[in-house]
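Trainee: This one is protein_10.txt, compact mmCIF, C-alpha atoms.
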# COMPACT_ATOMS: atom_id res chain seq x y z
CA MET A 1 0.00 0.00 0.00
CA THR A 2 1.34 3.42 -0.89
CA PRO A 3 1.19 6.16 1.76
CA GLU A 4 -1.61 7.90 -0.18
CA MET A 5 -3.66 4.73 -0.15
CA GLN A 6 -3.09 4.32 3.58
CA ILE A 7 -4.28 7.86 4.23
CA ASP A 8 -7.28 7.39 1.96
CA SER A 9 -8.36 4.19 3.64
CA TYR A 10 -7.97 5.78 7.08
CA LEU A 11 -10.09 8.77 6.06
CA THR A 12 -12.69 6.53 4.44
CA ALA A 13 -12.98 4.52 7.64
CA LEU A 14 -13.23 7.72 9.67
CA ARG A 15 -15.99 9.05 7.41
CA LEU A 16 -17.84 5.77 7.71
CA HIS A 17 -17.74 5.70 11.50
CA LEU A 18 -18.76 9.35 11.74
CA GLY A 19 -22.04 8.28 10.16
CA PRO A 20 -24.56 9.88 12.57
CA LEU A 21 -23.13 13.38 12.08
CA THR A 22 -24.29 15.77 9.36
CA ILE A 23 -22.34 15.72 6.11
CA ALA A 24 -20.94 19.20 6.75
CA GLU A 25 -19.67 18.25 10.21
CA ARG A 26 -18.22 15.02 8.89
CA GLU A 27 -16.36 16.61 5.99
CA GLU A 28 -14.97 19.33 8.24
CA ILE A 29 -13.54 16.70 10.59
CA VAL A 30 -12.10 14.61 7.75
CA ARG A 31 -10.54 17.72 6.23
CA GLU A 32 -8.90 18.65 9.50
CA ILE A 33 -7.52 15.16 10.11
CA ALA A 34 -6.21 15.04 6.52
CA ALA A 35 -4.42 18.36 7.11
CA HIS A 36 -2.99 16.98 10.36
CA VAL A 37 -1.55 13.92 8.60
CA ARG A 38 -0.02 16.03 5.83
CA ASP A 39 1.46 18.55 8.26
CA SER A 40 2.87 15.86 10.53
CA ALA A 41 4.52 14.12 7.61
CA GLU A 42 6.08 17.35 6.33
CA GLU A 43 7.17 18.55 9.75
CA SER A 44 8.64 15.43 11.29
CA GLY A 45 9.36 13.24 8.30
CA ALA A 46 7.69 10.39 10.16
CA SER A 47 6.12 7.65 8.09
CA VAL A 48 2.40 7.79 7.38
CA GLU A 49 2.07 4.56 9.32
CA THR A 50 3.53 6.11 12.46
CA ILE A 51 1.37 9.22 12.14
CA LEU A 52 -1.82 7.22 11.69
CA ALA A 53 -0.88 4.99 14.62
CA ARG A 54 -0.44 8.07 16.81
CA LEU A 55 -3.91 9.24 15.83
CA GLY A 56 -5.34 5.92 16.96
CA PRO A 57 -7.73 3.64 15.06
CA ALA A 58 -10.24 5.54 12.87
CA LYS A 59 -13.09 3.81 14.67
CA GLU A 60 -11.96 5.04 18.09
CA LEU A 61 -11.28 8.54 16.85
CA ALA A 62 -14.77 8.71 15.34
CA ALA A 63 -16.25 7.37 18.58
CA GLN A 64 -14.67 10.23 20.52
CA TYR A 65 -16.32 12.72 18.20
CA ARG A 66 -19.70 10.98 18.36
CA ASP A 67 -19.77 10.50 22.11
CA GLY A 68 -20.21 14.11 23.06
CA LEU A 69 -22.31 14.90 20.05
CA LEU A 70 -25.08 12.37 20.62
CA ILE A 71 -25.93 13.78 24.03
CA ARG A 72 -25.51 17.39 22.96
CA LYS A 73 -27.77 16.96 19.93
CA ALA A 74 -30.37 15.02 21.88
CA SER A 75 -30.64 17.78 24.46
CA ARG A 76 -32.12 19.93 21.67
CA SER A 77 -34.35 17.20 20.23
CA HIS A 78 -38.00 16.35 20.91
CA SER A 79 -37.97 12.83 19.54
CA PRO A 80 -38.49 10.16 22.24
CA LEU A 81 -36.23 7.79 20.28
CA VAL A 82 -33.33 10.24 20.09
CA LEU A 83 -33.79 11.20 23.72
CA LEU A 84 -33.96 7.61 24.97
CA ARG A 85 -30.92 6.66 22.91
CA ALA A 86 -28.89 9.47 24.45
CA THR A 87 -30.19 8.56 27.90
CA LEU A 88 -29.13 4.97 27.31
CA ARG A 89 -25.63 6.23 26.56
CA LEU A 90 -25.73 8.37 29.69
CA ALA A 91 -26.85 5.34 31.71
CA THR A 92 -23.70 3.45 30.75
CA LYS A 93 -21.68 6.25 32.31
CA SER A 94 -23.29 7.17 35.59
CA VAL A 95 -25.85 6.22 38.20
CA PHE A 96 -27.57 9.53 37.47
CA GLY A 97 -27.95 8.32 33.87
CA ILE A 98 -29.59 5.07 34.98
CA PHE A 99 -32.05 7.04 37.09
CA VAL A 100 -32.88 9.32 34.17
CA LEU A 101 -33.33 6.31 31.90
CA PHE A 102 -35.84 4.73 34.30
CA CYS A 103 -37.76 7.97 34.70
CA GLY A 104 -37.78 8.36 30.92
CA ILE A 105 -39.14 4.90 30.22
CA PHE A 106 -41.70 5.24 33.02
CA GLY A 107 -42.83 8.67 31.85
CA TYR A 108 -43.14 7.74 28.20
CA SER A 109 -45.07 4.53 28.99
CA PHE A 110 -47.51 6.34 31.27
CA GLY A 111 -48.01 9.18 28.82
CA ALA A 112 -48.58 6.83 25.92
CA GLY A 113 -50.90 4.73 28.14
CA PHE A 114 -53.22 7.66 28.86
CA VAL A 115 -53.40 8.51 25.16
CA VAL A 116 -54.12 4.89 24.22
CA ILE A 117 -57.00 4.70 26.74
CA ALA A 118 -58.49 7.91 25.33
CA LEU A 119 -58.25 6.61 21.79
CA ALA A 120 -59.59 3.18 22.73
CA LYS A 121 -62.65 4.83 24.29
CA THR A 122 -63.58 6.27 20.90
CA ILE A 123 -63.31 2.85 19.23
CA VAL A 124 -64.46 0.31 21.86
CA PRO A 125 -66.23 2.42 24.52
CA ALA A 126 -67.31 -0.57 26.64
CA HIS A 127 -63.78 -1.82 27.09
CA ALA A 128 -61.96 1.36 27.98
CA GLY A 129 -62.34 3.61 30.98
CA ALA A 130 -61.76 3.95 34.70
CA TRP A 131 -63.71 1.71 37.08
CA VAL A 132 -64.48 2.26 40.74
CA GLN A 133 -65.56 -0.30 43.33
CA ASP A 134 -66.35 0.58 46.99
CA GLY A 135 -64.97 4.04 46.48
CA ARG A 136 -61.58 2.85 45.20
CA LEU A 137 -60.21 2.98 41.71
CA VAL A 138 -59.92 -0.69 40.77
CA SER A 139 -58.74 -0.45 37.23
CA MET A 140 -58.11 1.94 34.47
CA GLY A 141 -57.22 1.12 30.94
CA ALA A 142 -58.39 -0.64 27.82
CA PHE A 143 -59.33 -4.27 28.40
CA ILE A 144 -60.18 -7.05 26.02
CA TYR A 145 -62.55 -8.90 28.43
CA GLY A 146 -64.00 -5.99 30.35
CA VAL A 147 -63.88 -5.48 34.11
CA SER A 148 -65.59 -7.21 37.06
CA PRO A 149 -69.34 -6.45 36.98
CA GLN A 150 -69.39 -5.08 40.58
CA ALA A 151 -67.23 -2.15 39.58
CA HIS A 152 -68.88 0.77 37.92
CA GLU A 153 -67.35 3.06 35.42
CA VAL A 154 -66.66 6.67 36.26
CA LEU A 155 -65.72 9.51 33.91
CA GLY A 156 -67.50 7.94 30.92
CA MET A 157 -66.71 9.80 27.73
CA TRP A 158 -64.87 12.41 29.79
CA ILE A 159 -61.94 10.03 29.80
CA ILE A 160 -61.23 11.00 26.20
CA PRO A 161 -60.27 14.65 26.78
CA LEU A 162 -58.87 13.90 30.23
CA GLY A 163 -56.74 11.03 28.92
CA LEU A 164 -55.45 13.13 26.07
CA ILE A 165 -54.57 16.03 28.36
CA ALA A 166 -52.96 13.84 31.04
CA GLY A 167 -51.10 11.88 28.34
CA SER A 168 -49.75 14.96 26.59
CA LEU A 169 -48.73 16.57 29.85
CA THR A 170 -46.89 13.43 30.96
CA LEU A 171 -45.12 13.13 27.62
CA LEU A 172 -44.15 16.81 27.63
CA LEU A 173 -42.93 16.63 31.20
CA THR A 174 -40.85 13.53 30.43
CA THR A 175 -39.30 15.21 27.40
CA PHE A 176 -38.50 18.28 29.45
CA LEU A 177 -36.98 16.19 32.26
CA ILE A 178 -34.75 14.18 29.94
CA ARG A 179 -33.55 17.25 28.08
CA THR A 180 -32.75 19.07 31.30
CA SER A 181 -30.89 16.04 32.66
CA LEU A 182 -28.86 15.70 29.47
CA ARG A 183 -27.94 19.36 29.66
CA VAL A 184 -26.97 19.12 33.30
CA SER A 185 -24.84 16.04 32.63
CA GLN A 186 -23.11 17.86 29.82
CA ARG A 187 -22.31 20.80 32.03
CA LEU A 188 -20.98 18.49 34.73
CA GLN A 189 -18.85 16.67 32.20
CA SER A 190 -17.31 19.79 30.76
CA LYS A 191 -16.56 21.13 34.23
CA LEU A 192 -14.55 18.09 35.22
CA MET B 1 6.30 -18.38 35.62
CA ALA B 2 3.35 -16.72 37.30
CA LYS B 3 5.42 -14.33 39.41
CA PRO B 4 6.95 -12.06 36.76
CA ARG B 5 3.45 -11.31 35.44
CA ALA B 6 2.31 -9.69 38.66
CA MET B 7 4.28 -6.49 38.15
CA PRO B 8 3.06 -5.50 34.67
CA VAL B 9 -0.55 -5.77 35.79
CA GLU B 10 0.07 -3.29 38.60
CA ASP B 11 1.93 -1.01 36.23
CA ASP B 12 -0.94 -1.20 33.82
CA GLN B 13 -3.38 -0.02 36.46
CA SER B 14 -1.33 2.96 37.51
CA ASP B 15 -0.80 3.77 33.83
CA ARG B 16 -4.51 3.79 33.28
CA TRP B 17 -5.04 6.08 36.24
CA GLU B 18 -2.41 8.45 34.91
CA ALA B 19 -3.96 8.37 31.44
CA GLN B 20 -7.33 9.34 32.87
CA LEU B 21 -5.80 12.13 34.89
CA ARG B 22 -4.19 13.52 31.76
CA LYS B 23 -7.35 13.22 29.78
CA GLY B 24 -9.27 15.16 32.41
CA ALA B 25 -6.75 17.97 32.32
CA LEU B 26 -6.57 18.04 28.55
CA GLU B 27 -9.55 20.28 28.02
CA MET B 28 -8.10 22.97 30.22
CA ALA B 29 -4.68 22.48 28.63
CA ALA B 30 -6.15 22.92 25.15
CA LEU B 31 -7.80 26.18 26.21
CA ALA B 32 -4.59 27.33 27.89
CA SER B 33 -2.52 26.65 24.77
CA LEU B 34 -4.63 29.23 22.91
CA TYR B 35 -4.19 31.92 25.55
CA GLN B 36 -1.43 33.68 23.58
CA GLY B 37 -3.17 33.52 20.22
CA ARG B 38 -4.57 31.29 17.54
CA LEU B 39 -3.02 27.90 16.73
CA TYR B 40 -3.95 24.95 14.54
CA GLY B 41 -4.35 21.38 15.78
CA LEU B 42 -0.80 20.16 15.28
CA GLU B 43 0.62 23.33 16.86
CA ILE B 44 -1.58 22.77 19.90
CA ILE B 45 -0.27 19.20 20.18
CA ARG B 46 3.36 20.35 19.87
CA PHE B 47 2.76 23.19 22.31
CA LEU B 48 1.35 20.80 24.90
CA GLU B 49 4.25 18.41 24.38
CA ASN B 50 6.82 21.16 24.88
CA GLN B 51 5.20 23.18 27.65
CA SER B 52 3.91 20.40 29.79
CA ARG B 53 4.86 16.79 29.78
CA LEU B 54 1.34 16.07 28.69
CA VAL B 55 2.15 13.31 26.24
CA LEU B 56 -1.05 12.43 24.48
CA ALA B 57 -2.42 10.21 21.79
CA GLU B 58 -2.72 12.79 19.04
CA GLY B 59 -6.20 11.68 18.16
CA THR B 60 -7.66 12.73 21.49
CA ILE B 61 -7.12 16.46 21.02
CA TYR B 62 -9.24 16.90 17.89
CA PRO B 63 -12.56 15.67 19.32
CA ILE B 64 -11.94 17.88 22.37
CA LEU B 65 -11.36 20.94 20.19
CA ASN B 66 -14.53 20.08 18.31
CA ARG B 67 -16.51 19.91 21.52
CA LEU B 68 -15.06 23.12 22.95
CA LYS B 69 -16.05 24.82 19.72
CA THR B 70 -19.67 23.68 19.85
CA GLU B 71 -19.77 24.86 23.46
CA GLY B 72 -18.84 28.31 22.19
CA LEU B 73 -15.50 28.42 24.02
CA LEU B 74 -13.49 28.37 20.78
CA THR B 75 -13.94 29.64 17.26
CA SER B 76 -12.17 28.28 14.23
CA GLU B 77 -11.26 29.45 10.75
CA TRP B 78 -9.56 27.85 7.79
CA VAL B 79 -6.44 29.74 6.79
CA GLU B 80 -4.50 29.09 3.61
CA ALA B 81 -0.82 28.44 4.42
CA GLU B 82 1.77 30.08 2.13
CA ALA B 83 2.99 26.76 0.87
CA GLY B 84 0.07 24.48 0.17
CA HIS B 85 -3.04 23.45 2.00
CA PRO B 86 -5.32 25.28 4.43
CA ARG B 87 -5.18 24.71 8.17
CA LYS B 88 -7.91 24.99 10.75
CA TYR B 89 -6.93 27.62 13.33
CA TYR B 90 -8.60 27.83 16.71
CA SER B 91 -8.87 30.84 18.98
CA LEU B 92 -10.48 31.53 22.35
CA THR B 93 -13.79 33.33 22.52
CA ALA B 94 -14.59 35.70 25.38
CA ALA B 95 -16.53 32.87 27.03
CA GLY B 96 -13.55 30.56 26.53
CA ARG B 97 -11.21 33.04 28.16
CA GLN B 98 -13.54 33.34 31.12
CA ARG B 99 -13.92 29.58 31.47
CA LEU B 100 -10.15 29.13 31.31
CA ARG B 101 -9.74 31.65 34.11
CA GLN B 102 -12.25 29.77 36.30
CA MET B 103 -10.59 26.44 35.52
CA ALA B 104 -7.14 27.80 36.33
CA GLU B 105 -8.30 29.10 39.71
CA ALA B 106 -10.08 25.87 40.59
CA TRP B 107 -7.13 23.79 39.43
CA THR B 108 -4.58 25.78 41.39
CA SER B 109 -6.45 25.61 44.67
CA PHE B 110 -7.14 21.90 44.08
CA SER B 111 -3.54 21.03 43.34
CA ASN B 112 -2.19 23.12 46.23
CA GLY B 113 -4.44 21.24 48.59
CA LEU B 114 -3.41 17.88 47.17
CA SER B 115 0.30 18.76 47.26
CA ARG B 116 0.06 19.50 50.96
CA LEU B 117 -1.74 16.22 51.44
CA LEU B 118 0.86 14.26 49.48
CA GLU B 119 3.97 15.87 50.98
CA PRO B 120 4.50 13.17 53.62
CA VAL B 121 4.01 10.43 51.03
CA LEU B 122 6.82 11.73 48.85
CA GLU B 123 9.14 12.45 51.81
CA ARG B 124 9.11 8.83 52.92
CA GLN B 125 10.09 7.18 49.72
CA GLU B 126 12.39 4.76 51.51
CA ASP B 127 9.28 2.98 52.83
CA LEU B 128 8.90 1.39 49.42
CA GLN B 129 12.22 -0.37 49.56
Can you give me the file's structure in the form of structure tokens?

Mentor:
Amino acid sequence: MTPEMQIDSYLTALRLHLGPLTIAEREEIVREIAAHVRDSAEESGASVETILARLGPAKELAAQYRDGLLIRKASRSHSPLVLLRATLRLATKSVFGIFVLFCGIFGYSFGAGFVVIALAKTIVPAHAGAWVQDGRLVSMGAFIYGVSPQAHEVLGMWIIPLGLIAGSLTLLLTTFLIRTSLRVSQRLQSKL
Amino acid sequence: MAKPRAMPVEDDQSDRWEAQLRKGALEMAALASLYQGRLYGLEIIRFLENQSRLVLAEGTIYPILNRLKTEGLLTSEWVEAEAGHPRKYYSLTAAGRQRLRQMAEAWTSFSNGLSRLLEPVLERQEDLQ
């Protein structure tokens, strides 16, 4: 392999592993690393092999770029998938992250649950709702077989707007919590 | 045959600790290297090698610069060198300068405290033998 080919294959691998970044960010990084390799070779006369070895494997270099970026980007996102992915990464790093991950999963499931009940009420009204027996809430949800006949349903059709409101609020609150936690973790990290 | 292996393992652990210590300080060191004016990546690496004995895997500095830039502590510009290709120069922003100042103060008081704590450890080196 000629030195040019070695550089090319290193940069190709780097580009590949920088996948999740935008094209502009990716090309900027590749351009900078290419300049580094050229400058190092001119300045020290070291072989391309040595220079690339000092940079470390392309995969690891790319991972160092991605690591910070995933969490930073997610802290500006609204997508539950992006947020949970970043939280998962955070959870591998700290106990705080694990706590945030649990809150996130809990919050999203509850929020989605409320919305599902509201929607189910519009489709199968008899099977969705909140039931009370002896003054206690015995079940709430959408059921295939219905609920024990002693319990009587409260709320009725009101569960549709209430479920939608409670669901949206829970989802919004969860999103807000995760984003704040990601931001706090970032600030902590950069202060260390 | 098992005995000679015991030492390298211990060495490896203290190496790892030292590597992490360096890595933690690297962000501040990168900011500090730009205190006098703009530099490009390789110059920052050389500066850190010469000024401090902060030997580093060259790859680690670039992702850090990238992060400091998105945090608004650094700005960068591509400048055409006289002979050949452009280089990406970094310089401190006002926020970067301020952060560096805070870091330097925190670091100094931290390391003074630790030095006092470690004084007796270093004085009694003969204990090791």

Trainee: Give me the residues of chain A that have any atom at most 6 Å from an atom of chain B; for each, the nearest atom pair and the distance in Å, rounded to one decimal. Use all atoms listed in the file, sort by chain and number, and format it as a Markdown table.

Mentor:
| residue | atom | partner | partner_atom | distance |
| --- | --- | --- | --- | --- |
| A:Arg54 | CA | B:Glu58 | CA | 5.7 |
| A:Leu55 | CA | B:Gly59 | CA | 4.1 |
| A:Gly56 | CA | B:Gly59 | CA | 5.9 |
| A:Gln64 | CA | B:Pro63 | CA | 6.0 |
| A:Tyr65 | CA | B:Pro63 | CA | 4.9 |

Trainee: Show me the residues around (-16.7, 14.6, 10.0) - criterion: an atom at most 12 Å away, all atoms listed in the file counted - as a PDB file with C-alpha atoms, in the coordinates of the input.

Mentor:
ATOM      1  CA  LEU A  11     -10.090   8.770   6.060  1.00  0.00           C
ATOM      2  CA  THR A  12     -12.690   6.530   4.440  1.00  0.00           C
ATOM      3  CA  ALA A  13     -12.980   4.520   7.640  1.00  0.00           C
ATOM      4  CA  LEU A  14     -13.230   7.720   9.670  1.00  0.00           C
ATOM      5  CA  ARG A  15     -15.990   9.050   7.410  1.00  0.00           C
ATOM      6  CA  LEU A  16     -17.840   5.770   7.710  1.00  0.00           C
ATOM      7  CA  HIS A  17     -17.740   5.700  11.500  1.00  0.00           C
ATOM      8  CA  LEU A  18     -18.760   9.350  11.740  1.00  0.00           C
ATOM      9  CA  GLY A  19     -22.040   8.280  10.160  1.00  0.00           C
ATOM     10  CA  PRO A  20     -24.560   9.880  12.570  1.00  0.00           C
ATOM     11  CA  LEU A  21     -23.130  13.380  12.080  1.00  0.00           C
ATOM     12  CA  THR A  22     -24.290  15.770   9.360  1.00  0.00           C
ATOM     13  CA  ILE A  23     -22.340  15.720   6.110  1.00  0.00           C
ATOM     14  CA  ALA A  24     -20.940  19.200   6.750  1.00  0.00           C
ATOM     15  CA  GLU A  25     -19.670  18.250  10.210  1.00  0.00           C
ATOM     16  CA  ARG A  26     -18.220  15.020   8.890  1.00  0.00           C
ATOM     17  CA  GLU A  27     -16.360  16.610   5.990  1.00  0.00           C
ATOM     18  CA  GLU A  28     -14.970  19.330   8.240  1.00  0.00           C
ATOM     19  CA  ILE A  29     -13.540  16.700  10.590  1.00  0.00           C
ATOM     20  CA  VAL A  30     -12.100  14.610   7.750  1.00  0.00           C
ATOM     21  CA  ARG A  31     -10.540  17.720   6.230  1.00  0.00           C
ATOM     22  CA  GLU A  32      -8.900  18.650   9.500  1.00  0.00           C
ATOM     23  CA  ILE A  33      -7.520  15.160  10.110  1.00  0.00           C
ATOM     24  CA  ALA A  34      -6.210  15.040   6.520  1.00  0.00           C
ATOM     25  CA  ALA A  58     -10.240   5.540  12.870  1.00  0.00           C
ATOM     26  CA  LEU A  61     -11.280   8.540  16.850  1.00  0.00           C
ATOM     27  CA  ALA A  62     -14.770   8.710  15.340  1.00  0.00           C
ATOM     28  CA  ALA A  63     -16.250   7.370  18.580  1.00  0.00           C
ATOM     29  CA  GLN A  64     -14.670  10.230  20.520  1.00  0.00           C
ATOM     30  CA  TYR A  65     -16.320  12.720  18.200  1.00  0.00           C
ATOM     31  CA  ARG A  66     -19.700  10.980  18.360  1.00  0.00           C
ATOM     32  CA  LEU A  69     -22.310  14.900  20.050  1.00  0.00           C
TER      33      LEU A  69
ATOM     34  CA  TYR B  62      -9.240  16.900  17.890  1.00  0.00           C
ATOM     35  CA  PRO B  63     -12.560  15.670  19.320  1.00  0.00           C
ATOM     36  CA  ASN B  66     -14.530  20.080  18.310  1.00  0.00           C
TER      37      ASN B  66
END

Trainee: For each of A:Trp158, A:Phe110, A:Phe99, A:Tyr10, take the minimum atom-to-atom distance to Ser181 (chain A), counting only C-alpha atoms, then give the residue where this is smallest.

Mentor: A:Phe99

Trainee: Take CA of Leu169 (chain A) and CA of Gly111 (chain A) and report the distance between them in Å, one decimal.

Mentor: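 CA of Gly111 (chain A) lies 7.5 Å from CA of Leu169 (chain A).
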
Trainee: Work out how far apart CA of Gly156 (chain A) and CA of Gly129 (chain A) are and give it in Å to one decimal.

Mentor: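 We find that CA of Gly156 (chain A) and CA of Gly129 (chain A) lie 6.7 Å from each other.
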
Trainee: Atoms are missing here; could region 75-89 of chain A be completed with N, CA and C atoms and written as a CSV table (one decimal), in the coordinates of the input?

Mentor:
chain,number,residue,atom,x,y,z
A,75,SER,N,-30.1,16.8,23.5
A,75,SER,CA,-30.6,17.8,24.5
A,75,SER,C,-31.4,18.9,23.8
A,76,ARG,N,-31.3,18.9,22.4
A,76,ARG,CA,-32.1,19.9,21.7
A,76,ARG,C,-33.3,19.3,20.9
A,77,SER,N,-33.4,17.9,21.0
A,77,SER,CA,-34.4,17.2,20.2
A,77,SER,C,-35.6,17.0,21.0
A,78,HIS,N,-36.7,16.7,20.3
A,78,HIS,CA,-38.0,16.4,20.9
A,78,HIS,C,-38.4,14.9,20.7
A,79,SER,N,-37.6,14.2,19.9
A,79,SER,CA,-38.0,12.8,19.5
A,79,SER,C,-37.7,11.9,20.7
A,80,PRO,N,-38.7,11.1,21.1
A,80,PRO,CA,-38.5,10.2,22.2
A,80,PRO,C,-37.4,9.2,21.9
A,81,LEU,N,-37.3,8.8,20.6
A,81,LEU,CA,-36.2,7.8,20.3
A,81,LEU,C,-34.8,8.4,20.5
A,82,VAL,N,-34.6,9.6,20.0
A,82,VAL,CA,-33.3,10.2,20.1
A,82,VAL,C,-33.0,10.5,21.6
A,83,LEU,N,-34.0,10.9,22.3
A,83,LEU,CA,-33.8,11.2,23.7
A,83,LEU,C,-33.5,9.9,24.5
A,84,LEU,N,-34.2,8.9,24.2
A,84,LEU,CA,-34.0,7.6,25.0
A,84,LEU,C,-32.6,7.0,24.6
A,85,ARG,N,-32.2,7.2,23.3
A,85,ARG,CA,-30.9,6.7,22.9
A,85,ARG,C,-29.8,7.4,23.7
A,86,ALA,N,-29.9,8.7,23.7
A,86,ALA,CA,-28.9,9.5,24.4
A,86,ALA,C,-28.9,9.1,25.9
A,87,THR,N,-30.1,8.9,26.5
A,87,THR,CA,-30.2,8.6,27.9
A,87,THR,C,-29.6,7.2,28.2
A,88,LEU,N,-29.7,6.3,27.2
A,88,LEU,CA,-29.1,5.0,27.3
A,88,LEU,C,-27.6,5.1,27.4
A,89,ARG,N,-27.1,6.0,26.5
A,89,ARG,CA,-25.6,6.2,26.6
A,89,ARG,C,-25.2,6.8,27.9
